[in-house]
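Q: Please see the structure below; I have some questions.
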Amino acid sequence: MGQEYLATGFADVDGCDDATAYRQCLSLLDSLPYFREYKARSYELLNLSAGLSVLDLGCGLADDAFRMAACVGTRGLVVGVDASMRLIEQAVARLPAGLRVRFAKADACRLPFKDECFDRCRVDRTLQHIAVPRRAICELVRVLKPGGSLLAYDNDWGTFSVSGSDEEATKIIATAWEESFTNRWIGRYLKRFFLEAGLHQVELEPSVSVLTDFELADRVYNLRQTLGRSVAAGRLAPAVASDWLSDLQAQSRSGGFLCALTAYTVVGIKPVP
């Protein structure tokens, strides 16, 4: 993924020198079975059907927007919103023929839409990068029609774990990665924030992503880069870092490597006056 640091960089993709790392990351995640499964579950929980209007906040390359557009058909509409014009341009270039999808560049906390104009709203792994996630949730509730559903999926980086044999070194590296996110514990707060925003019938579903290959985990979680940053910051001695890396690579070869993270899907309904 080059030198771009995914934990911090997604907050300002347009401000980086090269967006390739972010496009590659989004494509990689969308290809993994765990991600495909929770995404499919999110469409199911939203109860998508023909003719609905859907807002997908933090749409990225728009794979979810395209799949949801297929669910709502030509009488429906999906609007993908992202803070990055670079990613929106890539999404537009990838838009399959026949799908009703529109795009807008916007701040998640100041959406350029009228009140109560979408039947469904969805936000996936975006709130972890937003300084005031409550405000973004309130904006989504504002543009949601009464009786409509809002769904959010996000990570709880406090649950991030790696099977390093050196417990102290592993804790330092996992903490360094966790603390790089603007809202590292957003997953555990989603249900409370939904209730505070006035949503009813709020339901929560936890899920756990497990990776058993070190190289794949490194591509997803920047393990080598976090290791290097920890050494540069003086948190780890170079020899300790080298041993930690060798240990995980050996675990991966023998089948004992594990890297896991808990995330939460939360869905709620805007009450009808």
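Residue numbers start at 1 in each chain; chains themselves are named A, B, ... in the order of the structure tokens; ligands are numbered from 1 in the order shown.
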I want to know what sits within 8 Å of region 157-166 of chain A, based on only C-alpha atoms, with residues of the same chain fewer than 3 positions away left out; could you give that as a count of residues only?

A: 15

Q: Can you list, as an MDAnalysis selection string, every residue of region 82-228 of chain A that DSSP puts in strand (DSSP E or B)?

A: chainID A and resid 82 101:105 107 110 118:124 144:162 200:211

Q: Keeping only N, CA and C atoms, write those residues as a tab-separated table (two decimals), in the first residue's frame.

A:
chain	number	residue	atom	x	y	z
A	82	ASP	N	-19.31	11.13	-0.78
A	82	ASP	CA	-17.98	10.93	-0.22
A	82	ASP	C	-17.28	12.28	-0.10
A	101	VAL	N	-27.58	5.58	-10.19
A	101	VAL	CA	-26.71	6.01	-9.09
A	101	VAL	C	-26.22	7.41	-9.40
A	102	ARG	N	-26.31	8.28	-8.42
A	102	ARG	CA	-25.78	9.64	-8.53
A	102	ARG	C	-24.73	9.83	-7.43
A	103	PHE	N	-23.87	10.81	-7.62
A	103	PHE	CA	-22.79	11.04	-6.65
A	103	PHE	C	-22.72	12.50	-6.25
A	104	ALA	N	-22.25	12.73	-5.02
A	104	ALA	CA	-22.06	14.09	-4.52
A	104	ALA	C	-20.86	14.11	-3.58
A	105	LYS	N	-20.03	15.12	-3.74
A	105	LYS	CA	-18.93	15.35	-2.79
A	105	LYS	C	-19.48	16.23	-1.68
A	107	ASP	N	-19.43	17.06	2.93
A	107	ASP	CA	-19.06	16.84	4.32
A	107	ASP	C	-20.17	16.02	4.98
A	110	ARG	N	-22.56	18.03	7.05
A	110	ARG	CA	-23.34	19.08	6.40
A	110	ARG	C	-23.81	18.56	5.04
A	118	PHE	N	-34.83	10.75	1.78
A	118	PHE	CA	-34.37	9.39	1.46
A	118	PHE	C	-35.17	8.36	2.26
A	119	ASP	N	-35.46	7.24	1.60
A	119	ASP	CA	-36.15	6.13	2.27
A	119	ASP	C	-35.21	5.33	3.17
A	120	ARG	N	-33.95	5.27	2.78
A	120	ARG	CA	-32.95	4.52	3.53
A	120	ARG	C	-31.64	5.30	3.54
A	121	CYS	N	-30.89	5.18	4.64
A	121	CYS	CA	-29.55	5.76	4.71
A	121	CYS	C	-28.60	4.71	5.28
A	122	ARG	N	-27.38	4.73	4.77
A	122	ARG	CA	-26.39	3.73	5.17
A	122	ARG	C	-25.02	4.40	5.26
A	123	VAL	N	-24.25	4.04	6.30
A	123	VAL	CA	-22.88	4.54	6.44
A	123	VAL	C	-22.01	3.38	6.91
A	124	ASP	N	-20.93	3.12	6.18
A	124	ASP	CA	-20.12	1.91	6.37
A	124	ASP	C	-18.66	2.29	6.56
A	144	LEU	N	-33.48	11.51	6.40
A	144	LEU	CA	-34.23	10.26	6.32
A	144	LEU	C	-35.73	10.54	6.48
A	145	LYS	N	-36.53	9.88	5.66
A	145	LYS	CA	-37.98	10.02	5.76
A	145	LYS	C	-38.50	9.33	7.01
A	146	PRO	N	-39.58	9.84	7.63
A	146	PRO	CA	-40.21	9.13	8.74
A	146	PRO	C	-40.60	7.72	8.32
A	147	GLY	N	-40.30	6.76	9.17
A	147	GLY	CA	-40.54	5.36	8.84
A	147	GLY	C	-39.39	4.71	8.11
A	148	GLY	N	-38.39	5.50	7.71
A	148	GLY	CA	-37.24	4.96	7.00
A	148	GLY	C	-36.18	4.43	7.95
A	149	SER	N	-35.25	3.65	7.40
A	149	SER	CA	-34.21	3.00	8.22
A	149	SER	C	-32.84	3.61	7.97
A	150	LEU	N	-32.08	3.73	9.07
A	150	LEU	CA	-30.67	4.13	9.02
A	150	LEU	C	-29.84	2.96	9.51
A	151	LEU	N	-28.79	2.62	8.76
A	151	LEU	CA	-27.89	1.54	9.15
A	151	LEU	C	-26.45	2.04	9.16
A	152	ALA	N	-25.72	1.67	10.20
A	152	ALA	CA	-24.30	1.98	10.29
A	152	ALA	C	-23.53	0.72	10.63
A	153	TYR	N	-22.38	0.57	9.98
A	153	TYR	CA	-21.44	-0.50	10.33
A	153	TYR	C	-20.12	0.19	10.65
A	154	ASP	N	-19.52	-0.18	11.79
A	154	ASP	CA	-18.19	0.37	12.08
A	154	ASP	C	-17.44	-0.48	13.09
A	155	ASN	N	-16.14	-0.20	13.14
A	155	ASN	CA	-15.21	-1.00	13.93
A	155	ASN	C	-15.09	-0.51	15.36
A	156	ASP	N	-14.70	-1.43	16.23
A	156	ASP	CA	-14.27	-1.09	17.59
A	156	ASP	C	-12.81	-1.49	17.68
A	157	TRP	N	-11.92	-0.51	17.45
A	157	TRP	CA	-10.49	-0.81	17.40
A	157	TRP	C	-9.91	-1.19	18.75
A	158	GLY	N	-10.69	-1.00	19.82
A	158	GLY	CA	-10.25	-1.49	21.12
A	158	GLY	C	-10.23	-3.00	21.21
A	159	THR	N	-10.85	-3.67	20.23
A	159	THR	CA	-10.88	-5.13	20.21
A	159	THR	C	-9.83	-5.71	19.25
A	160	PHE	N	-9.04	-4.86	18.62
A	160	PHE	CA	-8.06	-5.33	17.64
A	160	PHE	C	-7.01	-6.20	18.32
A	161	SER	N	-6.76	-7.38	17.77
A	161	SER	CA	-5.81	-8.31	18.39
A	161	SER	C	-4.95	-9.00	17.34
A	162	VAL	N	-3.71	-9.23	17.71
A	162	VAL	CA	-2.74	-9.93	16.87
A	162	VAL	C	-2.03	-10.96	17.75
A	200	HIS	N	-35.90	4.68	16.66
A	200	HIS	CA	-36.63	3.65	17.39
A	200	HIS	C	-36.26	2.26	16.84
A	201	GLN	N	-36.66	1.25	17.59
A	201	GLN	CA	-36.44	-0.15	17.19
A	201	GLN	C	-34.97	-0.38	16.79
A	202	VAL	N	-34.06	0.14	17.59
A	202	VAL	CA	-32.64	0.05	17.29
A	202	VAL	C	-32.13	-1.35	17.62
A	203	GLU	N	-31.52	-1.97	16.63
A	203	GLU	CA	-30.98	-3.32	16.80
A	203	GLU	C	-29.49	-3.33	16.49
A	204	LEU	N	-28.76	-4.19	17.18
A	204	LEU	CA	-27.31	-4.28	17.03
A	204	LEU	C	-26.90	-5.71	16.74
A	205	GLU	N	-25.98	-5.86	15.78
A	205	GLU	CA	-25.42	-7.17	15.46
A	205	GLU	C	-23.89	-7.08	15.45
A	206	PRO	N	-23.20	-7.81	16.35
A	206	PRO	CA	-21.74	-7.82	16.31
A	206	PRO	C	-21.24	-8.83	15.28
A	207	SER	N	-20.04	-8.60	14.79
A	207	SER	CA	-19.39	-9.57	13.90
A	207	SER	C	-17.89	-9.46	14.09
A	208	VAL	N	-17.20	-10.55	13.80
A	208	VAL	CA	-15.75	-10.61	14.02
A	208	VAL	C	-15.04	-10.98	12.73
A	209	SER	N	-14.11	-10.14	12.33
A	209	SER	CA	-13.26	-10.43	11.18
A	209	SER	C	-12.01	-11.15	11.68
A	210	VAL	N	-11.67	-12.28	11.07
A	210	VAL	CA	-10.49	-13.05	11.45
A	210	VAL	C	-9.63	-13.31	10.22
A	211	LEU	N	-8.37	-12.91	10.29
A	211	LEU	CA	-7.42	-13.17	9.22
A	211	LEU	C	-6.34	-14.11	9.75

Q: For the helix (DSSP H, G or I) assignment from backbone DSSP, which residues of region 76-253 of chain A qualify? Please present them as a PyMOL selection string.

A: chain A and resi 85-94+127-129+133-143+167-178+186-196+214-221+223-232+238-253

Q: Residues at most 6 Å from Val78 (chain A), counting only C-alpha atoms, excluding those fewer than 6 positions away in the same chain, as a PyMOL selection string?

A: chain A and resi 53-55+69+101

Q: Please produce a file of the residues just selected, as a compact mmCIF listing (two decimals), in the first residue's frame, where the atoms kept are N, CA and C atoms.

A:
# COMPACT_ATOMS: atom_id res chain seq x y z
N SER A 53 -35.40 5.21 -2.47
CA SER A 53 -34.26 6.12 -2.58
C SER A 53 -33.31 5.84 -1.41
N VAL A 54 -32.01 5.72 -1.71
CA VAL A 54 -31.02 5.30 -0.71
C VAL A 54 -29.83 6.26 -0.74
N LEU A 55 -29.39 6.69 0.44
CA LEU A 55 -28.16 7.47 0.58
C LEU A 55 -27.08 6.58 1.15
N ALA A 69 -28.22 -0.32 -5.83
CA ALA A 69 -28.97 0.17 -6.98
C ALA A 69 -29.64 -0.98 -7.72
N VAL A 101 -27.58 5.58 -10.19
CA VAL A 101 -26.71 6.01 -9.09
C VAL A 101 -26.22 7.41 -9.40

Q: Do a neighbour search on Gly255 (chain A) at 10 Å with only C-alpha atoms, toss out local chain neighbours closer than 6 positions, and write the hits as a PDB file with C-alpha atoms, in the first residue's frame.

A:
ATOM      1  CA  THR A 212      -5.005 -16.097   9.390  1.00  0.00           C
ATOM      2  CA  ASP A 213      -2.427 -15.001   6.814  1.00  0.00           C
ATOM      3  CA  PHE A 214       0.172 -12.441   7.868  1.00  0.00           C
ATOM      4  CA  GLN A 249       5.705 -14.634   9.725  1.00  0.00           C
TER       5      GLN A 249
END

Q: Quick one: everything within 8 Å of Arg75 (chain A), counting only C-alpha atoms, minus sequence neighbours fewer than 6 positions away in the same chain. Send it as a PyMOL selection string.

A: chain A and resi 50-52

Q: Between A:Arg86, A:Ile172, A:Ala91, A:Gly187, which one has atoms that come closest to Pro133 (chain A), using only C-alpha atoms?

A: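 Residue with the minimum atom-to-atom distance to Pro133 (chain A): A:Gly187.
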
Q: Pick out the residues sitting within 7 Å of region 5-9 of chain A, and hand them over as a PyMOL selection string; count only C-alpha atoms, and ignore anything fewer than 3 positions along from it in its own chain.

A: chain A and resi 12-13+180-181

Q: Please identify all polymer residues within 7 Å of Leu227 (chain A), counting only C-alpha atoms, omitting same-chain residues fewer than 4 positions from it, and present them as a list in words.

A: Ile173, Leu223, Val231 and Ala241 of chain A

Q: Put those residues in a file: N, CA and C atoms, as a PDB file, in the first residue's frame.

A:
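result20.pdb, written as the output of this step:
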ATOM      1  N   ILE A 173       2.221  -2.185  19.444  1.00  0.00           N
ATOM      2  CA  ILE A 173       1.878  -2.061  18.022  1.00  0.00           C
ATOM      3  C   ILE A 173       0.363  -1.958  17.829  1.00  0.00           C
ATOM      4  N   LEU A 223       0.494  -3.627   9.234  1.00  0.00           N
ATOM      5  CA  LEU A 223       1.278  -4.116  10.368  1.00  0.00           C
ATOM      6  C   LEU A 223       2.749  -3.718  10.275  1.00  0.00           C
ATOM      7  N   VAL A 231       9.004   1.905  15.956  1.00  0.00           N
ATOM      8  CA  VAL A 231      10.457   1.976  16.128  1.00  0.00           C
ATOM      9  C   VAL A 231      10.920   3.428  15.992  1.00  0.00           C
ATOM     10  N   ALA A 241      11.548  -5.304  17.338  1.00  0.00           N
ATOM     11  CA  ALA A 241      10.641  -5.214  16.195  1.00  0.00           C
ATOM     12  C   ALA A 241      10.936  -6.305  15.171  1.00  0.00           C
TER      13      ALA A 241
END

Q: For each of A:Leu45, A:Leu61, A:Ile269, A:Ile88, take the minimum atom-to-atom distance to Gln24 (chain A), counting only C-alpha atoms, then give the residue where this is smallest.

A: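 Using only C-alpha atoms, Gln24 (chain A) sits closest to A:Leu61.
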